[in-house]
file coords_12.cif (mmCIF, C-alpha atoms)
data_run
loop_
_atom_site.label_atom_id
_atom_site.label_comp_id
_atom_site.auth_asym_id
_atom_site.auth_seq_id
_atom_site.Cartn_x
_atom_site.Cartn_y
_atom_site.Cartn_z
CA MET A 1 81.30 77.28 84.01
CA VAL A 2 82.33 73.69 83.70
CA TYR A 3 79.91 71.12 85.04
CA HIS A 4 81.37 67.89 86.30
CA GLY A 5 79.18 65.43 88.13
CA GLY A 6 76.79 68.18 89.22
CA MET A 7 79.67 70.37 90.55
CA VAL A 8 80.55 73.77 89.23
CA ARG A 9 84.30 74.22 88.72
CA TRP A 10 85.62 77.76 88.74
CA TRP A 11 89.35 77.01 88.45
CA TRP A 12 89.53 78.57 84.98
CA LEU A 13 88.18 81.98 86.02
CA PRO A 14 91.51 83.50 87.23
CA LEU A 15 93.29 82.20 84.12
CA CYS A 16 90.73 83.73 81.75
CA LEU A 17 90.66 86.98 83.69
CA GLY A 18 94.48 87.25 83.52
CA VAL A 19 94.49 86.66 79.76
CA LEU A 20 91.68 89.17 79.26
CA LEU A 21 93.38 91.90 81.31
CA THR A 22 96.71 91.41 79.52
CA ALA A 23 94.99 91.42 76.13
CA GLN A 24 93.32 94.72 77.05
CA GLY A 25 96.67 96.29 77.82
CA ASN A 26 96.24 96.30 81.59
CA ARG A 27 99.96 96.47 82.33
CA PRO A 28 101.89 98.01 85.20
CA ARG A 29 101.70 101.79 85.28
CA PHE A 30 104.26 104.24 86.63
CA GLU A 31 101.62 105.60 89.02
CA ASP A 32 101.24 102.17 90.62
CA TYR A 33 104.83 102.27 91.95
CA PRO A 34 105.38 105.68 93.53
CA ALA A 35 108.83 106.73 94.73
CA SER A 36 109.95 108.92 97.60
CA PRO A 37 109.96 112.66 96.93
CA LEU A 38 112.68 113.94 94.61
CA TRP A 39 116.10 114.36 96.15
CA ALA A 40 116.96 118.02 96.64
CA GLY A 41 120.15 117.73 98.68
CA PRO A 42 123.71 117.76 97.42
CA ASN A 43 124.67 114.66 95.45
CA ALA A 44 127.12 112.33 97.16
CA PRO A 45 130.47 111.72 95.44
CA ILE A 46 130.29 108.71 93.16
CA LYS A 47 131.84 105.47 94.45
CA LEU A 48 133.55 103.58 91.66
CA THR A 49 134.59 100.41 93.48
CA SER A 50 134.95 97.86 90.69
CA ARG A 51 136.86 97.57 87.45
CA ALA A 52 133.54 97.48 85.55
CA GLU A 53 132.49 100.79 87.15
CA ARG A 54 135.84 102.44 86.46
CA MET A 55 135.57 101.48 82.77
CA PHE A 56 132.75 104.04 82.51
CA ARG A 57 134.20 106.60 84.95
CA THR A 58 133.50 109.62 82.74
CA ARG A 59 129.88 108.76 81.92
CA LEU A 60 129.06 107.72 85.51
CA SER A 61 130.77 110.78 87.02
CA GLU A 62 128.91 113.14 84.69
CA ALA A 63 125.57 111.50 85.48
CA SER A 64 126.26 111.55 89.24
CA ARG A 65 126.33 115.37 89.16
CA GLN A 66 122.88 115.61 87.54
CA PRO A 67 119.50 115.80 89.33
CA PRO A 68 117.50 112.60 89.96
CA ASP A 69 115.47 111.19 87.09
CA PHE A 70 114.42 107.83 88.58
CA ALA A 71 112.75 106.63 91.80
CA GLY A 72 113.17 109.83 93.82
CA HIS A 73 116.92 109.95 94.42
CA PHE A 74 118.48 107.91 91.63
CA ARG A 75 119.96 108.82 88.26
CA PHE A 76 119.79 106.45 85.30
CA ALA A 77 123.05 106.83 83.37
CA GLY A 78 122.74 105.44 79.87
CA TRP A 79 125.13 104.93 77.00
CA GLY A 80 125.23 103.04 73.74
CA CYS A 81 127.18 99.86 73.19
CA GLY A 82 126.75 99.47 69.46
CA SER A 83 124.34 100.46 66.74
CA VAL A 84 121.33 98.71 68.32
CA CYS A 85 122.41 98.08 71.89
CA ALA A 86 121.72 99.82 75.19
CA ALA A 87 123.78 99.90 78.37
CA GLY A 88 123.73 101.92 81.56
CA ALA A 89 123.73 102.00 85.34
CA ILE A 90 121.69 103.35 88.24
CA ILE A 91 123.36 105.81 90.62
CA ASP A 92 122.06 106.45 94.13
CA LEU A 93 122.59 110.20 94.44
CA THR A 94 122.37 110.05 98.26
CA THR A 95 125.21 107.53 98.64
CA GLY A 96 127.13 107.56 95.33
CA ILE A 97 126.69 103.78 94.94
CA VAL A 98 126.38 102.41 91.38
CA TYR A 99 123.93 99.60 90.59
CA GLN A 100 123.39 97.43 87.51
CA PRO A 101 120.49 98.18 85.18
CA PRO A 102 117.61 95.72 84.90
CA MET A 103 118.80 92.64 82.99
CA GLY A 104 122.44 93.73 83.31
CA GLY A 105 125.01 91.06 82.47
CA ARG A 106 127.09 88.98 84.83
CA GLY A 107 130.56 89.87 83.57
CA THR A 108 133.16 92.11 85.11
CA GLY A 109 133.55 94.37 82.06
CA TRP A 110 131.30 96.22 79.65
CA GLU A 111 128.81 93.32 79.40
CA ARG A 112 127.82 93.96 83.04
CA TRP A 113 126.01 97.13 81.94
CA MET A 114 124.24 95.87 78.79
CA TYR A 115 120.52 95.34 79.16
CA CYS A 116 118.89 95.37 75.70
CA GLY A 117 119.61 95.09 72.04
CA GLY A 118 118.05 94.80 68.63
CA VAL A 119 115.59 96.93 66.74
CA VAL A 120 112.62 97.89 68.93
CA ASP A 121 109.46 99.96 68.65
CA GLY A 122 110.10 102.81 71.09
CA PRO A 123 112.97 103.57 73.46
CA PHE A 124 115.03 100.76 75.00
CA VAL A 125 114.10 101.92 78.51
CA GLU A 126 111.41 104.07 80.15
CA TYR A 127 111.38 105.38 83.72
CA ARG A 128 110.24 108.44 85.69
CA PRO A 129 111.59 110.49 88.60
CA ASP A 130 108.44 109.86 90.68
CA SER A 131 108.20 106.10 90.10
CA ARG A 132 110.11 102.88 90.90
CA LEU A 133 108.84 101.19 87.71
CA VAL A 134 111.13 100.55 84.73
CA LEU A 135 110.07 99.25 81.32
CA THR A 136 112.66 97.78 78.94
CA ARG A 137 112.19 96.92 75.27
CA CYS A 138 114.43 94.37 73.60
CA GLN A 139 114.23 92.57 70.30
CA GLY A 140 112.61 89.17 70.69
CA ALA A 141 115.09 86.32 71.01
CA GLY A 142 115.71 84.89 67.57
CA ASP A 143 112.83 86.81 65.96
CA ALA A 144 113.28 90.34 64.63
CA ALA A 145 109.50 90.65 64.22
CA LYS A 146 108.96 90.40 67.98
CA GLN A 147 109.93 92.55 70.92
CA ASP A 148 110.06 91.73 74.60
CA LEU A 149 108.61 94.22 77.05
CA ARG A 150 109.83 93.64 80.58
CA TYR A 151 108.55 95.51 83.60
CA PHE A 152 110.67 95.81 86.73
CA VAL A 153 110.20 97.51 90.08
CA TRP A 154 113.16 98.97 91.96
CA GLU A 155 113.48 97.41 95.42
CA GLY A 156 116.14 99.76 96.83
CA THR A 157 119.26 97.85 95.73
CA HIS A 158 118.02 95.70 92.83
CA PHE A 159 115.26 95.29 90.27
CA LYS A 160 112.45 92.80 90.76
CA PRO A 161 110.83 91.51 87.53
CA ILE A 162 107.05 91.84 87.57
CA LEU A 163 105.86 91.19 84.00
CA HIS A 164 107.24 89.96 80.66
CA VAL A 165 105.19 90.42 77.48
CA THR A 166 106.24 89.51 73.94
CA GLU A 167 104.66 91.59 71.19
CA ASP A 168 104.60 91.09 67.46
CA LYS A 169 105.99 94.37 66.11
CA ARG A 170 104.02 93.91 62.88
CA HIS A 171 100.80 94.27 64.86
CA SER A 172 101.88 96.87 67.41
CA GLY A 173 102.41 99.79 65.06
CA PHE A 174 106.12 99.08 64.59
CA ARG A 175 107.65 100.78 61.60
CA SER A 176 111.19 100.00 60.55
CA LYS A 177 113.35 102.98 59.66
CA ASP A 178 115.23 102.26 56.43
#

call {"tool": "encode", "arguments": {"input": "coords_12.cif", "output": "structure tokens"}}
result
Amino acid sequence: MVYHGGMVRWWWLPLCLGVLLTAQGNRPRFEDYPASPLWAGPNAPIKLTSRAERMFRTRLSEASRQPPDFAGHFRFAGWGCGSVCAAGAIIDLTTGIVYQPPMGGRGTGWERWMYCGGVVDGPFVEYRPDSRLVLTRCQGAGDAAKQDLRYFVWEGTHFKPILHVTEDKRHSGFRSKD
């Protein structure tokens, strides 16, 4: 409590509580963002409507024939874009529409599909068939000792950011593979 002129000020309580919960690892969980039941129908033909989509025709077409692995009726198609780079797309298996990954680029070519890079502790992306939550790991901007964890929730046609945490890999159990 902070006393000021006989008044108790509680403005700091939400701030301290937020810091405490984050410090304790109270982060979004896959269970907190359930998805519709898994798609069991026939997958719709993929719709490759842009030049950027057609650049990855083979990878997207192959993924579109697989069962859902994200948010009930979506398939996360992933591919590499260099030695420490991740790219991919989200395919709606009910419609065949292709969507950008979280943090996808703005370009009209391969950069549209890139979402993370650098050396990270763990996979670049985590998701589940029964959840709308996605976690990405990217190397911290300008600091190889840090990694950015970004949590997104799928809103049907796009990702909504919900939390960004920067971790020091030296204190999170990170081990470099030499």

call {"tool": "residues_around", "arguments": {"input": "coords_12.cif", "residues": "A:Val120", "least_positions_apart": "5", "cutoff": "9 Å", "atoms": "all atoms listed in the file", "output": "CSV table (one decimal) with C-alpha atoms, in the frame of the given file"}}
result
chain,number,residue,atom,x,y,z
A,84,VAL,CA,121.3,98.7,68.3
A,137,ARG,CA,112.2,96.9,75.3
A,138,CYS,CA,114.4,94.4,73.6
A,139,GLN,CA,114.2,92.6,70.3
A,140,GLY,CA,112.6,89.2,70.7
A,144,ALA,CA,113.3,90.3,64.6
A,146,LYS,CA,109.0,90.4,68.0
A,147,GLN,CA,109.9,92.6,70.9
A,148,ASP,CA,110.1,91.7,74.6
A,169,LYS,CA,106.0,94.4,66.1
A,174,PHE,CA,106.1,99.1,64.6
A,176,SER,CA,111.2,100.0,60.6

call {"tool": "resolve_selection", "arguments": {"input": "coords_12.cif", "expression": "the PyMOL selection byres ((chain A and resi 164) around 7)", "output": "NGL selection string"}}
result
:A and (148-151 or 163 or 165-166)

call {"tool": "resolve_selection", "arguments": {"input": "coords_12.cif", "expression": "the PyMOL selection byres ((chain A and resi 39) around 10)", "output": "PyMOL selection string"}}
result
chain A and resi 36-38+40-43+67-69+71-74+93-94+129

call {"tool": "resolve_selection", "arguments": {"input": "coords_12.cif", "expression": "the PyMOL selection byres ((chain A and resi 131) around 7)", "output": "PyMOL selection string"}}
result
chain A and resi 30-31+33-35+70-71+128-130+132-133

call {"tool": "residues_around", "arguments": {"input": "coords_12.cif", "residues": "stretch 122-124 of chain A", "least_positions_apart": "4", "cutoff": "9 Å", "atoms": "only C-alpha atoms", "output": "PDB file with C-alpha atoms, in the coordinates of the input"}}
result
ATOM      1  CA  CYS A  85     122.410  98.080  71.890  1.00  0.00           C
ATOM      2  CA  ALA A  86     121.720  99.820  75.190  1.00  0.00           C
ATOM      3  CA  TYR A 115     120.520  95.340  79.160  1.00  0.00           C
ATOM      4  CA  CYS A 116     118.890  95.370  75.700  1.00  0.00           C
ATOM      5  CA  GLY A 117     119.610  95.090  72.040  1.00  0.00           C
ATOM      6  CA  LEU A 135     110.070  99.250  81.320  1.00  0.00           C
ATOM      7  CA  THR A 136     112.660  97.780  78.940  1.00  0.00           C
ATOM      8  CA  ARG A 137     112.190  96.920  75.270  1.00  0.00           C
ATOM      9  CA  CYS A 138     114.430  94.370  73.600  1.00  0.00           C
ATOM     10  CA  PHE A 174     106.120  99.080  64.590  1.00  0.00           C
TER      11      PHE A 174
END

call {"tool": "residues_near_point", "arguments": {"input": "coords_12.cif", "point": "(126.3, 103.0, 75.5)", "cutoff": "12 Å", "atoms": "all atoms listed in the file", "output": "number ranges by chain"}}
result
A: 55-56, 59-60, 77-89, 110-117, 124

call {"tool": "residues_around", "arguments": {"input": "coords_12.cif", "residues": "A:Gly96", "least_positions_apart": "5", "cutoff": "7 Å", "atoms": "all atoms listed in the file", "output": "compact mmCIF listing (two decimals) with C-alpha atoms, in the frame of the given file"}}
result
# COMPACT_ATOMS: atom_id res chain seq x y z
CA ALA A 44 127.12 112.33 97.16
CA PRO A 45 130.47 111.72 95.44
CA ILE A 46 130.29 108.71 93.16
CA LYS A 47 131.84 105.47 94.45
CA ILE A 91 123.36 105.81 90.62

call {"tool": "closest_residue", "arguments": {"input": "coords_12.cif", "among": "A:Asn26, A:Ser64, A:Tyr99, A:Arg106", "to": "A:Glu155", "atoms": "only C-alpha atoms"}}
result
A:Tyr99

call {"tool": "atom_distance", "arguments": {"input": "coords_12.cif", "atom1": "atom CA of A:Asp92", "atom2": "atom CA of A:Val119"}}
result
29.7 Å

call {"tool": "atom_distance", "arguments": {"input": "coords_12.cif", "atom1": "atom CA of A:Ala63", "atom2": "atom CA of A:Val134"}}
result
18.1 Å

call {"tool": "residues_around", "arguments": {"input": "coords_12.cif", "residues": "A:Leu48", "least_positions_apart": "5", "cutoff": "8 Å", "atoms": "all atoms listed in the file", "output": "compact mmCIF listing (two decimals) with C-alpha atoms, in the coordinates of the input"}}
result
# COMPACT_ATOMS: atom_id res chain seq x y z
CA GLU A 53 132.49 100.79 87.15
CA ARG A 54 135.84 102.44 86.46
CA ARG A 57 134.20 106.60 84.95
CA ILE A 97 126.69 103.78 94.94
CA VAL A 98 126.38 102.41 91.38

call {"tool": "atom_distance", "arguments": {"input": "coords_12.cif", "atom1": "atom CA of A:Glu126", "atom2": "atom CA of A:Arg65"}}
result
20.8 Å
